[in-house]
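K.L.:
File name start.cif; file contents mmCIF, C-alpha atoms; full text below.
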data_coords
#
loop_
_atom_site.label_atom_id
_atom_site.label_comp_id
_atom_site.auth_asym_id
_atom_site.auth_seq_id
_atom_site.Cartn_x
_atom_site.Cartn_y
_atom_site.Cartn_z
CA MET A 9 -26.31 3.18 -46.09
CA THR A 10 -23.80 5.57 -44.59
CA PRO A 11 -20.73 3.77 -43.26
CA THR A 12 -20.17 4.54 -39.58
CA VAL A 13 -16.67 5.62 -38.68
CA ALA A 14 -15.60 4.40 -35.27
CA GLN A 15 -14.64 7.31 -33.05
CA PRO A 16 -11.29 6.73 -31.34
CA ALA A 17 -11.75 6.46 -27.59
CA PRO A 18 -10.53 9.63 -25.87
CA PRO A 19 -7.24 9.20 -24.00
CA ALA A 20 -7.71 8.55 -20.31
CA ASP A 21 -7.89 11.61 -18.12
CA TRP A 22 -4.68 11.92 -16.07
CA ARG A 23 -6.73 12.16 -12.87
CA ASP A 24 -8.06 8.67 -13.58
CA LEU A 25 -4.51 7.41 -14.05
CA VAL A 26 -3.68 8.84 -10.63
CA ALA A 27 -6.82 7.20 -9.17
CA LEU A 28 -5.61 3.90 -10.59
CA THR A 29 -2.62 4.02 -8.22
CA LYS A 30 -4.86 4.03 -5.10
CA PRO A 31 -3.34 7.22 -3.64
CA ARG A 32 -4.97 6.75 -0.23
CA VAL A 33 -3.34 3.35 0.29
CA MET A 34 -0.09 4.86 -0.93
CA SER A 35 0.13 7.28 2.01
CA LEU A 36 0.63 4.40 4.46
CA VAL A 37 3.11 2.73 2.09
CA VAL A 38 5.15 5.94 1.75
CA PHE A 39 5.06 6.55 5.49
CA THR A 40 6.21 3.04 6.50
CA GLY A 41 8.83 2.99 3.71
CA LEU A 42 10.16 6.35 4.89
CA CYS A 43 10.28 5.09 8.48
CA GLY A 44 12.24 2.00 7.38
CA LEU A 45 14.71 4.27 5.64
CA LEU A 46 14.97 6.71 8.56
CA VAL A 47 15.54 4.08 11.29
CA ALA A 48 18.34 2.41 9.30
CA PRO A 49 21.84 2.96 10.70
CA GLU A 50 23.09 4.45 7.39
CA THR A 51 21.88 7.81 6.08
CA LEU A 52 21.46 8.49 2.40
CA PRO A 53 21.94 11.80 0.56
CA LEU A 54 18.61 13.63 0.34
CA ALA A 55 18.17 13.15 -3.44
CA VAL A 56 18.83 9.40 -3.17
CA ALA A 57 16.54 8.98 -0.13
CA PHE A 58 13.79 10.92 -1.91
CA THR A 59 14.19 8.72 -4.99
CA ALA A 60 14.03 5.53 -2.91
CA ILE A 61 10.72 6.64 -1.34
CA LEU A 62 9.44 7.79 -4.74
CA CYS A 63 10.22 4.34 -6.18
CA ILE A 64 8.43 2.59 -3.29
CA ALA A 65 5.40 4.84 -3.91
CA LEU A 66 5.48 4.30 -7.68
CA GLY A 67 5.88 0.53 -7.21
CA ALA A 68 2.86 0.47 -4.87
CA GLY A 69 0.91 2.60 -7.36
CA ALA A 70 1.83 0.23 -10.19
CA ALA A 71 0.70 -2.77 -8.16
CA GLY A 72 -2.56 -0.95 -7.39
CA ALA A 73 -3.11 -0.22 -11.08
CA LEU A 74 -2.47 -3.85 -12.07
CA ASN A 75 -4.79 -4.98 -9.27
CA GLN A 76 -7.57 -2.77 -10.65
CA TRP A 77 -6.85 -3.95 -14.19
CA TYR A 78 -7.32 -7.57 -13.11
CA GLU A 79 -10.30 -6.95 -10.83
CA THR A 80 -12.48 -4.76 -13.05
CA ASP A 81 -15.38 -7.23 -12.90
CA LEU A 82 -15.11 -7.53 -9.13
CA ASP A 83 -14.88 -3.77 -8.55
CA ALA A 84 -18.03 -3.25 -10.61
CA LYS A 85 -19.99 -5.40 -8.13
CA MET A 86 -19.04 -3.50 -4.98
CA ARG A 87 -20.44 -0.09 -4.01
CA ARG A 88 -17.08 1.00 -2.55
CA THR A 89 -15.21 0.36 -5.81
CA ALA A 90 -17.84 0.69 -8.55
CA ASN A 91 -16.82 4.26 -9.36
CA ARG A 92 -13.15 3.43 -10.03
CA PRO A 93 -11.99 4.43 -13.55
CA LEU A 94 -12.22 0.91 -15.05
CA PRO A 95 -15.62 -0.34 -13.78
CA ALA A 96 -17.05 3.15 -14.44
CA ARG A 97 -15.72 2.81 -18.04
CA ARG A 98 -13.79 6.06 -17.97
CA MET A 99 -10.69 4.20 -19.18
CA ASP A 100 -10.00 1.15 -21.35
CA ARG A 101 -8.32 -1.86 -19.74
CA GLN A 102 -5.31 -1.85 -22.08
CA THR A 103 -4.34 1.65 -20.95
CA ALA A 104 -4.47 0.48 -17.32
CA LEU A 105 -2.34 -2.59 -18.12
CA HIS A 106 0.29 -0.56 -20.01
CA PHE A 107 0.34 2.06 -17.26
CA GLY A 108 0.74 -0.58 -14.52
CA VAL A 109 3.48 -2.56 -16.26
CA GLY A 110 5.32 0.59 -17.37
CA LEU A 111 5.23 2.10 -13.89
CA SER A 112 6.43 -1.20 -12.34
CA VAL A 113 9.45 -1.43 -14.63
CA PHE A 114 10.23 2.27 -14.22
CA SER A 115 10.12 2.13 -10.40
CA VAL A 116 12.35 -0.97 -10.19
CA VAL A 117 14.94 0.35 -12.69
CA LEU A 118 15.06 3.77 -11.01
CA MET A 119 15.44 2.11 -7.59
CA GLU A 120 18.43 0.14 -8.90
CA LEU A 121 20.02 3.25 -10.42
CA ALA A 122 19.55 5.30 -7.24
CA THR A 123 20.24 2.69 -4.52
CA ASN A 124 21.16 -0.99 -4.94
CA TYR A 125 20.20 -4.30 -6.55
CA LEU A 126 18.77 -5.79 -3.36
CA ALA A 127 16.30 -2.92 -2.79
CA ALA A 128 15.28 -3.00 -6.47
CA GLY A 129 14.86 -6.79 -6.29
CA LEU A 130 12.69 -6.55 -3.17
CA LEU A 131 10.57 -3.86 -4.83
CA ALA A 132 10.05 -6.14 -7.85
CA VAL A 133 9.19 -9.07 -5.57
CA SER A 134 6.66 -6.94 -3.64
CA ILE A 135 4.90 -5.84 -6.86
CA LEU A 136 4.83 -9.39 -8.25
CA PHE A 137 3.66 -10.76 -4.90
CA TYR A 138 0.76 -8.31 -4.69
CA VAL A 139 -0.31 -8.80 -8.29
CA LEU A 140 0.31 -12.51 -8.86
CA VAL A 141 0.10 -14.17 -5.44
CA TYR A 142 -2.57 -11.95 -3.84
CA THR A 143 -4.70 -10.55 -6.69
CA VAL A 144 -4.58 -13.35 -9.24
CA TRP A 145 -4.05 -16.43 -7.09
CA LEU A 146 -5.40 -16.06 -3.55
CA LYS A 147 -7.98 -13.29 -3.26
CA ARG A 148 -10.81 -15.21 -4.91
CA ARG A 149 -9.77 -18.65 -3.67
CA THR A 150 -9.18 -18.57 0.06
CA ALA A 151 -10.48 -16.78 3.13
CA GLN A 152 -6.84 -16.42 4.19
CA ASN A 153 -6.33 -14.01 1.26
CA ILE A 154 -5.76 -11.08 3.60
CA VAL A 155 -3.12 -12.93 5.64
CA ILE A 156 -0.90 -13.73 2.64
CA GLY A 157 -1.76 -10.51 0.82
CA GLY A 158 -0.68 -8.59 3.91
CA ALA A 159 2.88 -9.61 3.17
CA ALA A 160 2.84 -7.39 0.08
CA GLY A 161 1.97 -4.38 2.21
CA ALA A 162 4.70 -5.30 4.68
CA PHE A 163 7.54 -4.80 2.20
CA PRO A 164 7.91 -0.95 2.24
CA PRO A 165 9.86 -0.56 5.54
CA LEU A 166 12.08 -3.48 4.55
CA ILE A 167 12.77 -1.91 1.15
CA GLY A 168 13.40 1.48 2.79
CA TRP A 169 15.93 -0.05 5.18
CA VAL A 170 17.67 -2.07 2.44
CA ALA A 171 17.81 1.01 0.18
CA ALA A 172 19.82 2.72 2.93
CA THR A 173 22.01 -0.18 4.10
CA GLY A 174 22.15 -2.69 1.23
CA SER A 175 21.50 -5.57 3.64
CA ILE A 176 18.62 -7.35 5.37
CA ASP A 177 18.86 -7.22 9.18
CA PRO A 178 16.66 -8.39 12.10
CA MET A 179 15.12 -4.93 12.65
CA PRO A 180 13.52 -4.53 9.19
CA LEU A 181 12.34 -8.14 9.37
CA LEU A 182 10.52 -7.26 12.60
CA LEU A 183 8.99 -4.22 10.88
CA PHE A 184 7.87 -6.56 8.10
CA ALA A 185 6.35 -8.89 10.70
CA ILE A 186 4.51 -6.03 12.44
CA ILE A 187 2.71 -4.93 9.26
CA PHE A 188 2.15 -8.54 8.20
CA LEU A 189 0.41 -9.34 11.52
CA TRP A 190 -1.38 -5.97 11.68
CA THR A 191 -3.10 -6.48 8.31
CA PRO A 192 -5.55 -9.30 9.24
CA PRO A 193 -7.16 -7.60 12.29
CA HIS A 194 -7.23 -4.30 10.37
CA PHE A 195 -8.99 -5.70 7.29
CA TRP A 196 -11.16 -8.25 9.05
CA ALA A 197 -12.55 -5.49 11.28
CA LEU A 198 -13.41 -3.59 8.07
CA SER A 199 -14.81 -6.67 6.36
CA LEU A 200 -17.18 -7.25 9.29
CA PHE A 201 -19.01 -3.98 8.72
CA VAL A 202 -18.85 -4.00 4.90
CA ARG A 203 -19.61 -7.74 4.76
CA SER A 204 -22.54 -7.49 2.38
CA ASP A 205 -20.35 -5.84 -0.26
CA TYR A 206 -17.80 -8.66 -0.29
CA ALA A 207 -20.54 -11.30 -0.27
CA ALA A 208 -22.17 -9.67 -3.31
CA ALA A 209 -18.86 -9.86 -5.18
CA ASN A 210 -18.24 -13.51 -4.16
CA VAL A 211 -14.96 -12.67 -2.46
CA PRO A 212 -14.27 -15.32 0.20
CA MET A 213 -13.59 -12.90 3.04
CA LEU A 214 -13.40 -14.58 6.43
CA PRO A 215 -16.78 -13.31 7.78
CA VAL A 216 -18.49 -14.60 4.63
CA VAL A 217 -16.84 -18.03 4.69
CA ALA A 218 -16.19 -18.78 8.38
CA GLY A 219 -18.78 -16.58 10.07
CA ILE A 220 -18.73 -13.55 12.34
CA ARG A 221 -17.85 -15.43 15.56
CA ASN A 222 -14.83 -17.11 14.00
CA THR A 223 -13.63 -13.81 12.49
CA ARG A 224 -13.80 -12.07 15.87
CA THR A 225 -11.79 -14.88 17.47
CA GLN A 226 -9.14 -14.67 14.75
CA ILE A 227 -8.96 -10.88 15.12
CA LEU A 228 -8.11 -11.32 18.80
CA ILE A 229 -5.55 -14.09 18.14
CA TYR A 230 -3.74 -12.03 15.47
CA SER A 231 -3.83 -8.96 17.73
CA ILE A 232 -2.07 -10.87 20.53
CA VAL A 233 0.64 -12.15 18.15
CA LEU A 234 0.95 -8.61 16.74
CA VAL A 235 1.58 -7.24 20.22
CA ILE A 236 4.45 -9.72 20.72
CA ALA A 237 6.03 -8.67 17.40
CA ALA A 238 5.53 -4.98 18.16
CA ILE A 239 7.17 -5.24 21.60
CA ALA A 240 10.05 -7.37 20.25
CA PRO A 241 12.22 -4.47 18.91
CA PHE A 242 12.34 -3.00 22.43
CA ALA A 243 12.68 -6.37 24.17
CA LEU A 244 15.61 -7.29 21.89
CA HIS A 245 17.31 -3.93 22.62
CA LEU A 246 17.00 -2.81 19.01
CA THR A 247 15.24 0.40 20.11
CA GLY A 248 15.27 2.74 23.09
CA PRO A 249 12.72 3.69 25.76
CA ILE A 250 10.74 6.14 23.58
CA TYR A 251 9.65 3.28 21.35
CA GLY A 252 9.19 1.04 24.38
CA VAL A 253 6.71 3.41 26.04
CA ALA A 254 4.85 4.17 22.78
CA ALA A 255 4.62 0.46 21.95
CA ALA A 256 3.32 -0.36 25.45
CA VAL A 257 0.54 2.25 25.23
CA LEU A 258 -0.48 1.59 21.61
CA ASN A 259 -0.48 -2.19 22.01
CA THR A 260 -2.49 -2.07 25.23
CA VAL A 261 -5.19 -0.02 23.48
CA PHE A 262 -5.08 -2.33 20.44
CA VAL A 263 -5.63 -5.46 22.54
CA VAL A 264 -8.40 -3.81 24.58
CA LEU A 265 -10.22 -2.83 21.36
CA ALA A 266 -9.66 -6.30 19.86
CA ALA A 267 -11.08 -7.84 23.05
CA ALA A 268 -14.14 -5.57 22.71
CA VAL A 269 -14.58 -6.94 19.18
CA PHE A 270 -14.19 -10.49 20.52
CA THR A 271 -16.90 -10.01 23.16
CA ASN A 272 -19.28 -8.19 20.79
CA LYS A 273 -22.29 -10.36 20.01
CA ALA A 274 -23.93 -8.09 17.41
CA GLU A 275 -24.67 -9.70 14.04
CA ASP A 276 -26.09 -6.58 12.46
CA VAL A 277 -23.86 -3.88 10.96
CA SER A 278 -25.52 -1.23 13.18
CA GLY A 279 -24.12 -2.99 16.26
CA MET A 280 -20.55 -3.14 14.93
CA LYS A 281 -19.23 -0.12 16.84
CA PRO A 282 -16.29 -2.04 18.37
CA GLU A 283 -15.26 -3.20 14.88
CA ARG A 284 -15.40 0.36 13.52
CA ARG A 285 -13.41 1.58 16.51
CA LEU A 286 -10.72 -1.10 16.06
CA PHE A 287 -10.47 -0.37 12.33
CA ALA A 288 -10.08 3.39 12.90
CA PHE A 289 -7.57 2.91 15.72
CA SER A 290 -5.54 0.34 13.76
CA ILE A 291 -4.56 3.06 11.25
CA LEU A 292 -3.54 5.42 14.04
CA TYR A 293 -1.69 2.51 15.70
CA LEU A 294 0.54 1.83 12.73
CA PHE A 295 1.30 5.52 12.16
CA GLY A 296 2.02 5.96 15.88
CA LEU A 297 4.23 2.89 16.20
CA PHE A 298 6.39 3.74 13.18
CA ALA A 299 6.60 7.42 14.11
CA ALA A 300 7.80 6.35 17.58
CA LEU A 301 10.52 4.22 15.95
CA VAL A 302 11.83 7.22 14.03
CA VAL A 303 11.70 9.55 17.03
CA ASP A 304 13.45 6.89 19.10
CA ARG A 305 16.23 6.57 16.51
CA TRP A 306 16.83 10.32 16.13
CA VAL A 307 16.19 11.64 19.64
CA ALA A 308 18.77 10.45 22.13
CA LEU A 309 17.50 10.25 25.71
CA MET B 288 -24.41 22.70 -23.97
CA LYS B 289 -22.45 19.45 -24.23
CA PRO B 290 -18.79 19.90 -25.34
CA HIS B 291 -17.95 18.48 -28.78
CA PRO B 292 -16.19 15.06 -28.49
CA GLU B 293 -13.22 16.33 -30.53
CA ASP B 294 -12.79 19.31 -28.20
CA GLU B 295 -12.74 16.92 -25.26
CA LEU B 296 -10.18 14.71 -27.06
CA LEU B 297 -7.92 17.68 -27.74
CA ARG B 298 -8.30 18.97 -24.18
CA ARG B 299 -7.28 15.64 -22.70
CA GLN B 300 -4.37 15.23 -25.13
CA ARG B 301 -3.13 18.72 -24.32
CA GLU B 302 -3.46 18.15 -20.56
CA ARG B 303 -1.57 14.88 -20.75
CA ALA B 304 1.16 16.32 -22.97
CA ARG B 305 1.67 19.20 -20.55
CA LEU B 306 1.80 16.87 -17.56
CA MET B 307 4.25 14.58 -19.39
CA ALA B 308 6.53 17.55 -20.11
CA TRP B 309 6.55 18.52 -16.42
CA LEU B 310 7.23 14.93 -15.35
CA LEU B 311 10.08 14.51 -17.85
CA GLY B 312 11.60 17.80 -16.68
CA ALA B 313 11.35 16.65 -13.05
CA PHE B 314 12.89 13.29 -13.99
CA VAL B 315 15.90 14.97 -15.65
CA ILE B 316 16.45 17.15 -12.56
CA LEU B 317 16.11 14.08 -10.30
CA LEU B 318 18.70 12.12 -12.33
CA PHE B 319 21.05 15.12 -12.17
CA LEU B 320 20.67 15.34 -8.37
CA ILE B 321 21.18 11.57 -7.95
CA THR B 322 24.34 11.78 -10.05
CA ILE B 323 25.72 14.67 -7.99
CA ALA B 324 24.87 12.79 -4.76
CA LYS B 325 26.55 9.59 -6.00
CA ILE B 326 29.70 11.49 -7.03
CA GLY B 327 29.75 12.95 -3.51
CA LEU B 328 29.38 9.46 -1.98
CA ASN B 329 32.26 8.04 -4.04
CA LYS B 330 34.70 10.83 -3.16
#
In structure tokens, write the structure found in this file.

P.N.:
Amino acid sequence: MTPTVAQPAPPADWRDLVALTKPRVMSLVVFTGLCGLLVAPETLPLAVAFTAILCIALGAGAAGALNQWYETDLDAKMRRTANRPLPARRMDRQTALHFGVGLSVFSVVLMELATNYLAAGLLAVSILFYVLVYTVWLKRRTAQNIVIGGAAGAFPPLIGWVAATGSIDPMPLLLFAIIFLWTPPHFWALSLFVRSDYAAANVPMLPVVAGIRNTRTQILIYSIVLVIAAIAPFALHLTGPIYGVAAAVLNTVFVVLAAAVFTNKAEDVSGMKPERRLFAFSILYLFGLFAALVVDRWVAL
Amino acid sequence: MKPHPEDELLRRQRERARLMAWLLGAFVILLFLITIAKIGLNK
């Protein structure tokens, strides 16, 4: 018998390592982190500001990689995620783990070197929160997974602000609150029209566990609380009229679309137009709101 | 024709090595720029 020599697995393609960082999610993280940094009262030298944003992006990428490392079995069951590098077996899990941990440590250390301990600490907390609290602990256990997990996505503007100022103030806490409250209506709208995918993977998303009616009600409730948080920076005189006007317009549209979701009776995915519309607008909403903050800070009326 | 597995292995190793070299170069430049910026801040 001829002994078979095991072929070493080829090293992962670098494009798959990039895919592991969820680059599409990263764009929103980079944008909100940059806005947090730009609306802060202190300005950083360009190289330091660039490094702070780079670290936020790398930290988010690391958290995404560790999330995919832990959820390989889950991703394999959903159409949307089945072609990711791990479930598609284009990469071994150990490479993903090493990459995720290495990138996490690198981003936190570089953040400390470039800015301050507090920003680096918050970046570490955000990575650990996303990986341990959301991915490992809550996602498969509770239908409120999105609510708590949303906190992880709310860190970037706070980290951006703290990188610039070295302190935590009311304004970045409000920015944190806005993203935290924006996440549930955003993801629940999505989960209504990709419901079957989550059900197949046994993820307790709200529509699967509590039903469509309940989810639509919660979307409206969170949207109303979101509006209060989004108006607060203007109401508390932390911003000027540019933000005030933008917030009024964007929040009115958001509530109208959330109300359309609330009154929608369709149970079938084909009748979920209001949900699709709210999901699409919610992305524009967050970009618009944060862009308005920056314009408001830099353009004096 | 399917590429030989060893060719694929070498291609990936070469691609990753090249990318790593670029990233390390960029990292050195970034550290230099941060240092210059920090010296400017402390003046």

K.L.:
Quick check, in Å to one decimal: how far apart do CA of Val144 (chain A) and CA of Ala160 (chain A) lie?

P.N.:
13.3 Å

K.L.:
Given a cut-off of 9 Å, which residues of chain A touch chain B, counting all atoms listed in the file, written out as a list in words?

P.N.:
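Selected residues: Ala17, Pro18, Pro19, Ala20, Asp21, Trp22, Pro53, Leu54, Ala55, Val56, Thr59, Leu121 and Ala122 of chain A.
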
K.L.:
Since I can't run it myself right now, could you work out what the PyMOL selection byres ((chain A and resi 85) around 10) selects here and report it as a list in words?

P.N.:
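Expected selection for the PyMOL selection byres ((chain A and resi 85) around 10) here is Thr80, Asp81, Leu82, Asp83, Ala84, Met86, Arg87, Arg88, Thr89, Ala90, Pro95, Asp205, Tyr206, Ala207, Ala208, Ala209 and Asn210 of chain A.
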
K.L.:
What does the PyMOL selection byres ((chain A and resi 44) around 6) select in this file, as a ChimeraX atom specification?

P.N.:
/A:41-43,45-47,165,168-169

K.L.:
Which residues, named as in the file, does the PyMOL selection byres ((chain A and resi 272) around 12) pick out? Answer as a VMD selection string.

P.N.:
chain A and resid 197 200 220 to 221 223 to 225 228 265 to 271 273 to 277 279 to 284

K.L.:
Go ahead and write the residues just picked, C-alpha atoms, as a PDB file, in the frame of the given file.

P.N.:
ATOM      1  CA  ALA A 197     -12.550  -5.490  11.280  1.00  0.00           C
ATOM      2  CA  LEU A 200     -17.180  -7.250   9.290  1.00  0.00           C
ATOM      3  CA  ILE A 220     -18.730 -13.550  12.340  1.00  0.00           C
ATOM      4  CA  ARG A 221     -17.850 -15.430  15.560  1.00  0.00           C
ATOM      5  CA  THR A 223     -13.630 -13.810  12.490  1.00  0.00           C
ATOM      6  CA  ARG A 224     -13.800 -12.070  15.870  1.00  0.00           C
ATOM      7  CA  THR A 225     -11.790 -14.880  17.470  1.00  0.00           C
ATOM      8  CA  LEU A 228      -8.110 -11.320  18.800  1.00  0.00           C
ATOM      9  CA  LEU A 265     -10.220  -2.830  21.360  1.00  0.00           C
ATOM     10  CA  ALA A 266      -9.660  -6.300  19.860  1.00  0.00           C
ATOM     11  CA  ALA A 267     -11.080  -7.840  23.050  1.00  0.00           C
ATOM     12  CA  ALA A 268     -14.140  -5.570  22.710  1.00  0.00           C
ATOM     13  CA  VAL A 269     -14.580  -6.940  19.180  1.00  0.00           C
ATOM     14  CA  PHE A 270     -14.190 -10.490  20.520  1.00  0.00           C
ATOM     15  CA  THR A 271     -16.900 -10.010  23.160  1.00  0.00           C
ATOM     16  CA  LYS A 273     -22.290 -10.360  20.010  1.00  0.00           C
ATOM     17  CA  ALA A 274     -23.930  -8.090  17.410  1.00  0.00           C
ATOM     18  CA  GLU A 275     -24.670  -9.700  14.040  1.00  0.00           C
ATOM     19  CA  ASP A 276     -26.090  -6.580  12.460  1.00  0.00           C
ATOM     20  CA  VAL A 277     -23.860  -3.880  10.960  1.00  0.00           C
ATOM     21  CA  GLY A 279     -24.120  -2.990  16.260  1.00  0.00           C
ATOM     22  CA  MET A 280     -20.550  -3.140  14.930  1.00  0.00           C
ATOM     23  CA  LYS A 281     -19.230  -0.120  16.840  1.00  0.00           C
ATOM     24  CA  PRO A 282     -16.290  -2.040  18.370  1.00  0.00           C
ATOM     25  CA  GLU A 283     -15.260  -3.200  14.880  1.00  0.00           C
ATOM     26  CA  ARG A 284     -15.400   0.360  13.520  1.00  0.00           C
TER      27      ARG A 284
END

K.L.:
Residues at most 8 Å from Leu111 (chain A), counting only C-alpha atoms, excluding those fewer than 6 positions away in the same chain, as a ChimeraX atom specification?

P.N.:
/A:66-67,69-70

K.L.:
Let's have the selection written as a short mmCIF file (atom, residue, chain, number, x, y, z; two decimals), in the coordinates of the input, with C-alpha atoms.

P.N.:
data_model
loop_
_atom_site.label_atom_id
_atom_site.label_comp_id
_atom_site.auth_asym_id
_atom_site.auth_seq_id
_atom_site.Cartn_x
_atom_site.Cartn_y
_atom_site.Cartn_z
CA LEU A 66 5.48 4.30 -7.68
CA GLY A 67 5.88 0.53 -7.21
CA GLY A 69 0.91 2.60 -7.36
CA ALA A 70 1.83 0.23 -10.19
#

K.L.:
Between CA of Val113 (chain A) and CA of Trp77 (chain A), what distance in Å does the model show, to one decimal?

P.N.:
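Separation between CA of Val113 (chain A) and CA of Trp77 (chain A): 16.5 Å.
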
K.L.:
In Å to one decimal, how far is CA of Leu286 (chain A) from CA of Gly72 (chain A)?

P.N.:
24.8 Å

K.L.:
Return as JSON lines the residues of region 130-172 of chain A lying at most 9 Å from region 211-217 of chain A, together with the closest atom-to-atom pair for each and the distance in Å to one decimal, counting all atoms listed in the file, with rows in chain order and ascending residue number.

P.N.:
{"residue": "A:Lys147", "atom": "CA", "partner": "A:Val211", "partner_atom": "CA", "distance": 7.1}
{"residue": "A:Arg148", "atom": "CA", "partner": "A:Val211", "partner_atom": "CA", "distance": 5.4}
{"residue": "A:Arg149", "atom": "CA", "partner": "A:Pro212", "partner_atom": "CA", "distance": 6.8}
{"residue": "A:Thr150", "atom": "CA", "partner": "A:Pro212", "partner_atom": "CA", "distance": 6.0}
{"residue": "A:Ala151", "atom": "CA", "partner": "A:Leu214", "partner_atom": "CA", "distance": 4.9}
{"residue": "A:Gln152", "atom": "CA", "partner": "A:Leu214", "partner_atom": "CA", "distance": 7.2}
{"residue": "A:Asn153", "atom": "CA", "partner": "A:Met213", "partner_atom": "CA", "distance": 7.6}
{"residue": "A:Ile154", "atom": "CA", "partner": "A:Met213", "partner_atom": "CA", "distance": 8.1}

K.L.:
Let me make sure I understand: among A:Ala162, A:Ile232, A:Gly219, A:Val303, which one has the smallest atom-to-atom distance to Pro249 (chain A) if we use all atoms listed in the file?

P.N.:
A:Val303

K.L.:
Give me the residues near Tyr138 (chain A) as a ChimeraX atom specification, where near means some atom within 12 Å (using all atoms listed in the file) and where sequence neighbours in that chain fewer than 3 positions away do not count.

P.N.:
/A:67-76,78,112,131-135,141-147,153-163

K.L.:
Using the incomplete input, complete region 289-304 of chain B to the level of N, CA and C atoms; output as a PDB file, keeping the file's coordinate frame.

P.N.:
ATOM      1  N   LYS B 289     -23.453  20.496 -24.391  1.00  0.00           N
ATOM      2  CA  LYS B 289     -22.450  19.450 -24.230  1.00  0.00           C
ATOM      3  C   LYS B 289     -21.204  19.775 -25.061  1.00  0.00           C
ATOM      4  N   PRO B 290     -19.977  19.604 -24.529  1.00  0.00           N
ATOM      5  CA  PRO B 290     -18.790  19.900 -25.340  1.00  0.00           C
ATOM      6  C   PRO B 290     -18.664  18.892 -26.488  1.00  0.00           C
ATOM      7  N   HIS B 291     -18.142  19.340 -27.623  1.00  0.00           N
ATOM      8  CA  HIS B 291     -17.950  18.480 -28.780  1.00  0.00           C
ATOM      9  C   HIS B 291     -16.920  17.403 -28.427  1.00  0.00           C
ATOM     10  N   PRO B 292     -17.132  16.116 -28.851  1.00  0.00           N
ATOM     11  CA  PRO B 292     -16.190  15.060 -28.490  1.00  0.00           C
ATOM     12  C   PRO B 292     -14.749  15.363 -28.909  1.00  0.00           C
ATOM     13  N   GLU B 293     -14.593  16.031 -30.076  1.00  0.00           N
ATOM     14  CA  GLU B 293     -13.220  16.330 -30.530  1.00  0.00           C
ATOM     15  C   GLU B 293     -12.544  17.363 -29.639  1.00  0.00           C
ATOM     16  N   ASP B 294     -13.348  18.319 -29.138  1.00  0.00           N
ATOM     17  CA  ASP B 294     -12.790  19.310 -28.200  1.00  0.00           C
ATOM     18  C   ASP B 294     -12.291  18.614 -26.943  1.00  0.00           C
ATOM     19  N   GLU B 295     -13.087  17.668 -26.471  1.00  0.00           N
ATOM     20  CA  GLU B 295     -12.740  16.920 -25.260  1.00  0.00           C
ATOM     21  C   GLU B 295     -11.451  16.122 -25.494  1.00  0.00           C
ATOM     22  N   LEU B 296     -11.377  15.493 -26.700  1.00  0.00           N
ATOM     23  CA  LEU B 296     -10.180  14.710 -27.060  1.00  0.00           C
ATOM     24  C   LEU B 296      -8.942  15.594 -27.045  1.00  0.00           C
ATOM     25  N   LEU B 297      -9.059  16.756 -27.689  1.00  0.00           N
ATOM     26  CA  LEU B 297      -7.920  17.680 -27.740  1.00  0.00           C
ATOM     27  C   LEU B 297      -7.548  18.180 -26.356  1.00  0.00           C
ATOM     28  N   ARG B 298      -8.571  18.461 -25.527  1.00  0.00           N
ATOM     29  CA  ARG B 298      -8.300  18.970 -24.180  1.00  0.00           C
ATOM     30  C   ARG B 298      -7.521  17.935 -23.370  1.00  0.00           C
ATOM     31  N   ARG B 299      -7.961  16.690 -23.458  1.00  0.00           N
ATOM     32  CA  ARG B 299      -7.280  15.640 -22.700  1.00  0.00           C
ATOM     33  C   ARG B 299      -5.853  15.417 -23.207  1.00  0.00           C
ATOM     34  N   GLN B 300      -5.700  15.422 -24.568  1.00  0.00           N
ATOM     35  CA  GLN B 300      -4.370  15.230 -25.130  1.00  0.00           C
ATOM     36  C   GLN B 300      -3.433  16.346 -24.681  1.00  0.00           C
ATOM     37  N   ARG B 301      -3.953  17.576 -24.699  1.00  0.00           N
ATOM     38  CA  ARG B 301      -3.130  18.720 -24.320  1.00  0.00           C
ATOM     39  C   ARG B 301      -2.742  18.630 -22.845  1.00  0.00           C
ATOM     40  N   GLU B 302      -3.726  18.272 -22.004  1.00  0.00           N
ATOM     41  CA  GLU B 302      -3.460  18.150 -20.560  1.00  0.00           C
ATOM     42  C   GLU B 302      -2.401  17.101 -20.282  1.00  0.00           C
ATOM     43  N   ARG B 303      -2.529  15.974 -20.975  1.00  0.00           N
ATOM     44  CA  ARG B 303      -1.570  14.880 -20.750  1.00  0.00           C
ATOM     45  C   ARG B 303      -0.187  15.242 -21.263  1.00  0.00           C
ATOM     46  N   ALA B 304      -0.136  15.928 -22.402  1.00  0.00           N
ATOM     47  CA  ALA B 304       1.160  16.320 -22.970  1.00  0.00           C
ATOM     48  C   ALA B 304       1.862  17.294 -22.023  1.00  0.00           C
TER      49      ALA B 304
END
